[in-house]
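K.L.:
Take a look at this one; I'll ask things after.
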There are 2 protein chains.
Amino acid sequence: MTSTPSALDPAIAARLKRSADGLVPAIAQQYDTGEVLMLGWMDDEALHRTLTTGRATYWSRSRGEYWVKGDTSGHVQHVKAVALDCDADTVLVKVDQIGAACHTGDRTCFDADVLPLGQ
Amino acid sequence: MTSTPSALDPAIAARLKRSADGLVPAIAQQYDTGEVLMLGWMDDEALHRTLTTGRATYWSRSRGEYWVKGDTSGHVQHVKAVALDCDADTVLVKVDQIGAACHTGDRTCFDADVLPLGQ
């Protein structure tokens, strides 16, 4: 589980619809090209930090800790815009991605495993 | 819970990493403009149908049934490409969205609720 309470604006927290583990999926998109870079997870505090620090910040489900994208890799995400979807259960973060978004070195996490269409 | 078994290619099913409820998040993106349209959820069978029918198909968590996007609204998503991410726990579906992606009538589900940045 993630930490509480958070400094997230109560007006946002009140309408955010979290999964059972207190998280929402967060889609990171390159703001100018439209590339979908990766999907991470945010709790209230990760969203708050993303909104207020200018750096995309996620909750790592595997490590159980906050994760400021680029802190170890240098592949920072500068936040340009953040929106909730119509159900307030998904976040879209438009960023300027420095270098590779994917830990494999690929520009996006969706570059390597394209699935075949058709029968 | 969702139905099993699925006709999904066993090679794909073997590497797909599902959440506890058997689902993966699926990001729908307009294939030519790059717009992020919506986020839905897929189980193995929804992914199989998306790959083989040419129509984006999701699992509705609220209704507990498969949902072929556009079957009631006419706002069909024609599938152009499908990829898994590096962890095989998220799907990116590039589509040609007919009309509005959002049930509110907005082009995308992220148009209406842009959050303020900064303190």
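Identifiers in this document derive from the order of the structure tokens: chains are assigned A, B, ..., residues are numbered from 1 separately in each chain, and ligands are numbered from 1 in order of occurrence.
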Once you count only C-alpha atoms, which residues of chain B turn out to be within 9 Å of chain A? Could you give them as a PyMOL selection string?
P.N.:
chain B and resi 12+25+27+29+33-36+38-39+50-54+79-88+90-92+102-104+108-119
K.L.:
For Tyr58 in chain A, find every residue with an atom within 10 Å (counting only C-alpha atoms), except residues of its own chain fewer than 3 positions away, and show them as a list in words.
P.N.:
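In the requested format, the answer is Leu23, Pro25, Ala26, Leu39, Gly40, Trp41, Met42, Asp43, Asp44, Glu45, Ala46, Leu47, Arg49, Thr50, Arg55, Arg61, Glu65, Tyr66, Trp67, Val68 and Lys69 of chain A.
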K.L.:
Using only C-alpha atoms, please write the residues we just selected to a file, as a short mmCIF file (atom, residue, chain, number, x, y, z; two decimals), in the first residue's frame.
P.N.:
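Output (selection_4.cif):
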```cif
data_model
loop_
_atom_site.label_atom_id
_atom_site.label_comp_id
_atom_site.auth_asym_id
_atom_site.auth_seq_id
_atom_site.Cartn_x
_atom_site.Cartn_y
_atom_site.Cartn_z
CA LEU A 23 -3.65 3.54 -7.45
CA PRO A 25 -2.93 4.09 -14.14
CA ALA A 26 -0.97 7.03 -15.56
CA LEU A 39 2.22 3.44 -18.38
CA GLY A 40 2.95 3.88 -14.70
CA TRP A 41 0.85 3.99 -11.54
CA MET A 42 0.13 6.89 -9.21
CA ASP A 43 -1.35 7.23 -5.77
CA ASP A 44 -2.59 10.60 -4.50
CA GLU A 45 0.87 11.71 -3.42
CA ALA A 46 2.53 10.72 -6.70
CA LEU A 47 -0.10 12.73 -8.55
CA ARG A 49 4.20 15.59 -6.78
CA THR A 50 3.69 15.29 -10.54
CA ARG A 55 8.73 15.98 -12.77
CA ARG A 61 4.36 -1.44 -7.39
CA GLU A 65 8.24 3.32 -3.26
CA TYR A 66 7.90 6.61 -5.09
CA TRP A 67 9.83 6.80 -8.29
CA VAL A 68 10.78 10.11 -9.90
CA LYS A 69 11.26 9.17 -13.53
#
```
K.L.:
I need the residues in range 48-94 of chain A that are strand (DSSP E) according to DSSP; give them as JSON, numbers by chain.
P.N.:
{"A": [57, 58, 59, 60, 65, 66, 67, 68, 77, 78, 79, 80, 81, 82, 83, 84, 91, 92, 93, 94]}
K.L.:
Looking only at the backbone, which of the residues in chain A does DSSP tag as alpha helix (DSSP H), as a list in words?
P.N.:
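Answer for chain A restricted to alpha helix (DSSP H) is Pro10, Ala11, Ile12, Ala13, Ala14, Arg15, Asp44, Glu45, Ala46, Leu47, His48, Arg49, Thr50, Leu51, Thr52 and Thr53 of chain A.
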K.L.:
Distance CA of Leu8 in chain B-CA of Val76 in chain B, one decimal place?
P.N.:
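Atom-to-atom, CA of Leu8 in chain B to CA of Val76 in chain B, that is 22.0 Å.
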